[in-house]
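First the structure, in the form of structure tokens, and then the observations on it.
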There are 2 protein chains.
Amino acid sequence: MYRSHNCGALRMSDVGANVTLSGWVQISRDLGGLTFVDLRDRYGITQLVFNIEDDQPLCERARKLGREFVIRASGVVRERSSKNANRPTGDIEIDVKEFEILNASKTPPFTIEDESDGGDELRMQYRYLDLRRTPLQKNILFRSKLAIETRKYLDGIDFVEVETPVLIKSTPEGARDFVVPSRMNAGQFYALPQSPQTFKQILMVAGYDRYFQIVKCFRDEDLRADRQPEFTQIDCEMAFVTRDQILDTFEGLTKHLFKSLKNIELTDFPKMSYDDAMRDYGSDKPDIRFGMKFHYLEEDMKGHDFAIFDSAESIIGIVAEGIADEYSNKDMKKLTEWMQRPQIGAKGLVYIKYMADGSIKSTVGKFYDDTFLKSLGDKLEAKTGDVLFILSGELEKTQKRLNELRLEMGRRLGLMKEGDFKPLWVIDFPLLEWDEDSNRFHAMHHPFTSPKKNEIEKMMSGDHETLKNLKADAYDLVINGSEIGGGSIRIHDRDLQSKNFDLLGFTKEEAEAQFGFLLGAFEYGAPPHGGIAFGFDRLCAVLNGQSSIRDFIAFPKNNQGRDMMIDAPSPIDDVQMTELFLSSTHTATEE
Amino acid sequence: MYRSHNCGALRMSDVGANVTLSGWVQISRDLGGLTFVDLRDRYGITQLVFNIEDDQPLCERARKLGREFVIRASGVVRERSSKNANRPTGDIEIDVKEFEILNASKTPPFTIEDESDGGDELRMQYRYLDLRRTPLQKNILFRSKLAIETRKYLDGIDFVEVETPVLIKSTPEGARDFVVPSRMNAGQFYALPQSPQTFKQILMVAGYDRYFQIVKCFRDEDLRADRQPEFTQIDCEMAFVTRDQILDTFEGLTKHLFKSLKNIELTDFPKMSYDDAMRDYGSDKPDIRFGMKFHYLEEDMKGHDFAIFDSAESIIGIVAEGIADEYSNKDMKKLTEWMQRPQIGAKGLVYIKYMADGSIKSTVGKFYDDTFLKSLGDKLEAKTGDVLFILSGELEKTQKRLNELRLEMGRRLGLMKEGDFKPLWVIDFPLLEWDEDSNRFHAMHHPFTSPKKNEIEKMMSGDHETLKNLKADAYDLVINGSEIGGGSIRIHDRDLQSKNFDLLGFTKEEAEAQFGFLLGAFEYGAPPHGGIAFGFDRLCAVLNGQSSIRDFIAFPKNNQGRDMMIDAPSPIDDVQMTELFLSSTHTATEE
């Protein structure tokens with residue numbers, strides 16, 4: 001037997017008991033006559049004491065225990081003279097009578113502490129050591145609990161978890177697929193699913209009514225800081241439902257998760273149309289923990305001989321509170337440069353400072369006198385001390401840039417309060433996006449999304465301009481500016497689905513080859529249906545007020561898609577290549 | 001709103017209520033004045049009634065509803081005059097006031113009934129229709145519940161579910177890997193996991209103490225009838241445990257699953273050594289619902305001038321009860337032929353019939369007189385009416401063949417009783433298997449399995465014969481002759497692991513390239529650990545007394561590894577090939 005208790009179990013009520021513990025040496029302190037060892041496992045830390053007067057050889061051996069040694073120790077629980085109130089086991093210690101080293105440890109390449117001294121790459125290479133650190137362990141345990149609570153809730157309202165296949169079919173729509181060469185079917189490939197989209201729709205056609213799955217999905221994309229080639233979704237679909245029934249169901253799930261994991265009671269989630277979100281925040285995932293809404297100033301500010309504004313498609317402002325006096329010219333210059341970085345690409349930044357003393361300082365004083373600017377400030381409810389920032393230019397670009405400024409000012413002004421959660425449904429997304437490069441429509445959500453019911457007729461017969469303005473029955477759940485999930489009511493009619501494929505540039509043959517099974521299924525009694533998918537990794541992070549998903553994944557890959565610990569991907573041998581009917585066009589000299 | 005209730009909800013207490021239901025037309029019966037429609041969804045079937053006297057146009061429209069049409073119907077719940085006691089909703093029906101066709105259906109290519117008239121391939125192609133059949137739907141719902149109860153149990157005893165990666169590294173040991181070419185790492189490949197074995201061990205090194213995961217695994221093997229290229233495991237690992245603690249834990253899980261899903265209370269599982277299982281049943285997964293143990297007859301039957309027996313390494317018999325008079329010579333001839341099929345490969349079948357009238361009929365009367373055979377029968381407790389079957393030859397082959405005969409006789413004699421579950425732990429498997437073809441040892445379980453503690457010294461220094469007889473701390477859970485799961489205590493010592501790789505024919509460089517991360521991890525405080533994995537698909541089938549796993553997988557592949565519904569795998573386009581640095585050695589003419 002390795003242990004009678006774990007390292008988090010013992011309390012005052014156990015004093016006097018003979019116990020055996022196993023775990024890792026967190027730290028060892030040699031105080032001459034006494035040697036203290038903190039023994040750690042997943043459940044906690046218990047203090048071991050070795051007394052040189054009781055057993056000198058034992059104490060000598062204990063002194064040699066290094067960090068991260070694994071030991072089994074037996075002894076008697078006793079009350080501590082100096083208690084540690086920060087630790088559940090802090091009232092007791094173990095007077096050790098014997099111990100055994102189960103495994104030694106080399107000195108770890110970085111410290112196993114809350115704040116480690118190891119760099120990212122090193123910690124990924126030694127992931128098994130990094131995973132011992134408390135913050136990471138908390139994250140991984142949190143993730144497990146989040147999955148449990150998700151399943152508990154969905155099972156409780158008749159959702160059935162169905163495993164959909166991982167070896168499926170490659171389709172060119174959407175992101176790039178990872179593919180798997182087939183040995184038994186020469187020259188053919190499986191693809192790994194980007195989502196179980198068509199399978200969950202098939203399950204609705206098959207009558208499963210309410211489906212969910214916590215499922216791995218795959219995208220072979222160039223990885224940004226916070227993307228992973230494999231990621232996890234809470235994937236859901238329901239039949240015979242309206243949009244609002246879906247939103248209510250997953251609002252219920254979200255509230256349950258916040259309540260059960262964070263003890264936070266969320267109030268009902270507001271709904272905002274995509275058009276309103278773009279107009280008021282310049283983003284389809286606005287952080288509504290704070291206001292700072294957009295003001296459209298074309299009517300006010302054109303016609304004052306300021307050529308830049310006069311020629312601009314749009315002039316948009318936001319009011320940042322209380323920084324007029326605090327921000328020096330130098331600060332403003334820096335902020336302007338920040339906005340001019342290529343990631344944002346603003347040409348410049350117009351600002352109007354309403355100073356505490358009632359004066360106005362502005363970059364456009366040449367064109368607008370103080371009376372004008374004062375009355376503009378009044379109209380926008382800018383108080384003394386506030387700054388009005390203004391960007392101008394092409395509508396979409398200006399919205400996008402001002403969104404970045406709004407978020408940055410929100411951060412600087414402390415308006416994104418930790419522990420404050422403001423979920424939001426963004427609804428009525430456009431159905432189609434025109435892509436100038438490929439000169440065709442793309443699906444804004446995906447090709448299976450239904451237009452809103454009253455738009456179907458327009459979709460079947462509409463001209464280009466009409467098509468561009470079609471609204472879909474699609475929705476996103478946004479929390480604090482992060483997109484947590486998205487979904488839609490799906491098309492369940494063969495003709496409408498064919499029309500959509502047609503608009504998206506599929507030939508009849510391509511549509512049939514790739515999605516014939518779905519079109520076929522729609523001919524055998526497909527019910528109305530819709531669904532949603534939540535990004536599980538993202539949900540973990542957002543619930544903990546963190547921005548990186550990597551810390552919630554046990555074995556993440558780096559930005560080159562490599563697993564640093566196991567050193568994958570790696571070359572395979574020629575026999576494997578031959579069996580798969582493959583040869584490599586890559587030669588070693590290219591490396 | 002599509003429905004106020006589902007099709008399984010309404011009862012007598014709802015009589016008089018206005019309700020709306022949606023579902024599929026299971027069957028429509030036109031009785032002149034009345035038209036009855038059975039409306040089906042996942043939850044049940046409710047009878048709809050259309051009365052021609054109340055609303056002729058409505059009734060006319062109802063008459064045209066075909067099988068599998070999807071409709072929404074509103075009306076009033078009323079008591080049925082002729083009730084259907086077999087159906088929870090059988091006391092009521094809906095007097096329909098209006099209905100709407102939500103989607104039409106072509107006539108399905110096979111009947112959606114418990115026993116369908118569709119062939120295997122057709123039903124796989126139209127899986128969405130096959131999945132509507134009650135038996136299949138029950139299986140899929142059962143699978144969901146089995147996963148829920150598994151998680152509930154393991155979560156309740158501190159197991160944490162951790163997702164391990166799907167894109168990992170190819171290793172030549174074991175079965176063939178599916179591989180995934182990397183676009184970002186030219187010439188390199190990921191592999192899909194055959195199991196998360198090394199990752200779960202890493203999690204033990206990382207201190208997670210108790211890990212589980214219900215996880216997809218992948219093997220690119222030639223598919224037998226009941227194998228799938230992707231399959232699901234309940235994968236588990238524990239630290240600081242002894243073998244018996246692991247067995248107790250997963251015996252507890254198994255008992256919980258039988259109790260919660262089948263209301264069956266299992267008694268404690270017996271343990272049988274691999275050696276005993278092979279000796280008594282000729283199989284490492286004996287079905288112990290019945291006896292019919294092996295008798296070794298070399299001492300009794302050699303030396304009677306029967307050359308075949310005299311020269312045989314082994315002579316083994318089993319007693320089949322009560323068939324001596326029933327089985328004619330012709331039956332025996334057929335049974336002998338059955339044993340001689342290439343799948344089994346017996347040369348012949350010796351039998352001794354102890355007839356009801358006390359006489360003895362035997363194929364070896366020439367060599368053994370009745371007195372001898374009578375006393376042999378007495379010794380083996382063969383009663384009048386019983387038959388003693390005997391096979392001879394090389395030990396292992398004879399055991400294997402007699403195992404087949406024992407199972408066949410068990411089936412014929414009705415000894416494998418449905419609803420009778422007899423779990424068994426098979427323990428103390430050999431560590432290594434000598435493979436004559438490759439002239440090297442293979443791991444019987446896998447390369448990470450520990451020898452039993454008292455064998456470690458022998459392993460580090462033993463000669464060939466010693467190594468062949470080493471026992472591992474490995475175990476299988478067998479239920480009714482099906483292997484449900486297997487596992488072992490793992491090696492957690494770097495030197496021992498290196499020695500094992502060495503015995504398995506790895507060079508130092510190969511071991512380092514493939515498993516360096518694990519060997520490295522063992523140097524930083526690896527705790528003693530062990531685990532188990534259950535075949536989840538198999539467990540579903542066995543709990544339902546069924547033999548095929550395919551009926552418990554929503555979207556299985558056929559024996560060529562094809563998904564018949566989506567028609568995968570399939571060719572990918574040249575752009576994808578180029579991006580992956582691949583060209584195909586397969587030309588269309590080879591097809």
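Labeling convention for the structure tokens: chains A, B, ... as they appear, residues from 1 per chain, ligands from 1 in order of appearance.
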Taking the backbone alone, and naming residues the way the document does, which bits of stretch 347-420 of chain B are strand (DSSP E) by DSSP, as number ranges by chain? B: 350-354, 360-362, 387-393
With N, CA and C atoms retained, could you export that selection as an mmCIF file, in the first residue's frame?
```cif
data_model
loop_
_atom_site.group_PDB
_atom_site.id
_atom_site.type_symbol
_atom_site.label_atom_id
_atom_site.label_comp_id
_atom_site.auth_asym_id
_atom_site.auth_seq_id
_atom_site.Cartn_x
_atom_site.Cartn_y
_atom_site.Cartn_z
ATOM 1 N N VAL B 350 -11.617 -37.041 -31.921
ATOM 2 C CA VAL B 350 -11.899 -38.307 -31.244
ATOM 3 C C VAL B 350 -13.047 -38.082 -30.278
ATOM 4 N N TYR B 351 -14.011 -39.023 -30.254
ATOM 5 C CA TYR B 351 -15.066 -38.887 -29.245
ATOM 6 C C TYR B 351 -15.409 -40.233 -28.638
ATOM 7 N N ILE B 352 -15.880 -40.191 -27.442
ATOM 8 C CA ILE B 352 -16.334 -41.386 -26.724
ATOM 9 C C ILE B 352 -17.715 -41.075 -26.187
ATOM 10 N N LYS B 353 -18.694 -41.795 -26.708
ATOM 11 C CA LYS B 353 -20.083 -41.572 -26.291
ATOM 12 C C LYS B 353 -20.446 -42.534 -25.163
ATOM 13 N N TYR B 354 -20.900 -41.986 -24.040
ATOM 14 C CA TYR B 354 -21.397 -42.818 -22.948
ATOM 15 C C TYR B 354 -22.912 -42.867 -23.073
ATOM 16 N N ILE B 360 -20.934 -48.000 -24.763
ATOM 17 C CA ILE B 360 -19.972 -46.961 -25.130
ATOM 18 C C ILE B 360 -19.719 -47.035 -26.623
ATOM 19 N N LYS B 361 -19.832 -45.899 -27.306
ATOM 20 C CA LYS B 361 -19.493 -45.843 -28.724
ATOM 21 C C LYS B 361 -18.330 -44.880 -28.875
ATOM 22 N N SER B 362 -17.331 -45.305 -29.603
ATOM 23 C CA SER B 362 -16.120 -44.501 -29.644
ATOM 24 C C SER B 362 -15.407 -44.644 -30.980
ATOM 25 N N VAL B 387 -20.699 -37.048 -23.716
ATOM 26 C CA VAL B 387 -19.685 -37.363 -24.720
ATOM 27 C C VAL B 387 -18.345 -36.766 -24.283
ATOM 28 N N LEU B 388 -17.296 -37.582 -24.388
ATOM 29 C CA LEU B 388 -15.941 -37.068 -24.165
ATOM 30 C C LEU B 388 -15.295 -36.799 -25.525
ATOM 31 N N PHE B 389 -15.002 -35.519 -25.779
ATOM 32 C CA PHE B 389 -14.302 -35.151 -27.018
ATOM 33 C C PHE B 389 -12.812 -35.044 -26.724
ATOM 34 N N ILE B 390 -12.009 -35.534 -27.635
ATOM 35 C CA ILE B 390 -10.555 -35.487 -27.409
ATOM 36 C C ILE B 390 -9.834 -34.967 -28.654
ATOM 37 N N LEU B 391 -8.922 -34.017 -28.429
ATOM 38 C CA LEU B 391 -8.029 -33.559 -29.488
ATOM 39 C C LEU B 391 -6.592 -33.810 -29.044
ATOM 40 N N SER B 392 -5.722 -33.998 -30.001
ATOM 41 C CA SER B 392 -4.317 -34.209 -29.654
ATOM 42 C C SER B 392 -3.431 -33.442 -30.618
ATOM 43 N N GLY B 393 -2.204 -33.273 -30.195
ATOM 44 C CA GLY B 393 -1.229 -32.580 -31.039
ATOM 45 C C GLY B 393 -0.373 -31.628 -30.220
#
```
Contacts of A:Ser273 at 7 Å or less, counting only C-alpha atoms, minus same-chain residues fewer than 6 places along, as a list in words?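 Listed by chain and then number, they are Val426, Ile427 and Asp428 of chain A.
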Just want the 6 Å neighbourhood of stretch 72-78 of chain A, counted on only C-alpha atoms, with same-chain residues fewer than 4 positions away dropped. Output as a VMD selection string. chain A and resid 15 to 22 92 to 100
Determine, counting only C-alpha atoms, which protein, DNA and RNA residues have an atom within 10 Å of an atom of A:Gln514; residues of the same chain fewer than 2 positions away are not included. Present the result as a list in words. Lys169, Ser170, Thr171, Pro172, Glu173, Phe506, Glu509, Glu510, Ala511, Glu512, Gly516, Phe517, Leu518 and Leu519 of chain A; Ile566, Asp567, Ala568 and Ser570 of chain B
Which residues are near A:Pro193? Cut-off 9 Å, only C-alpha atoms, ignore same chain within fewer than 5 positions. Put them as a ChimeraX atom specification. /A:165-170,177-178,216-219
Close residues, stretch 316-332 of chain B itself excluded, 8 Å, only C-alpha atoms, min 2 positions apart in chain, as a PyMOL selection string: chain B and resi 292-298+314+334-336+353-356+380+382-392+398-399+402+406+409
Could you check how far atom CA of A:Pro569 sits from atom CA of B:Phe536, in Å to one decimal?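 Separation between atom CA of A:Pro569 and atom CA of B:Phe536: 28.4 Å.
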With distances taken over only C-alpha atoms, which residue among A:Ile344, A:Ala104, A:Leu48, A:Ala175 lies nearest chain B?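 For chain B, the nearest of the candidates is A:Ala104.
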For A:Cys540, work out the shell of residues within 8 Å, counting only C-alpha atoms and skipping chain neighbours fewer than 6 positions away, then give it as an MDAnalysis selection string. chainID A and resid 139 142:143 146 549 552
Suppose you want the space between atom CA of B:Lys557 and atom CA of A:Gln188; what is it in Å? 15.1 Å
Using only C-alpha atoms, which of the listed residues (A:Ile456, A:Ile315, A:Ile101, A:Leu122) sits closest to chain B?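 Selected residue with least distance to chain B: A:Ile101.
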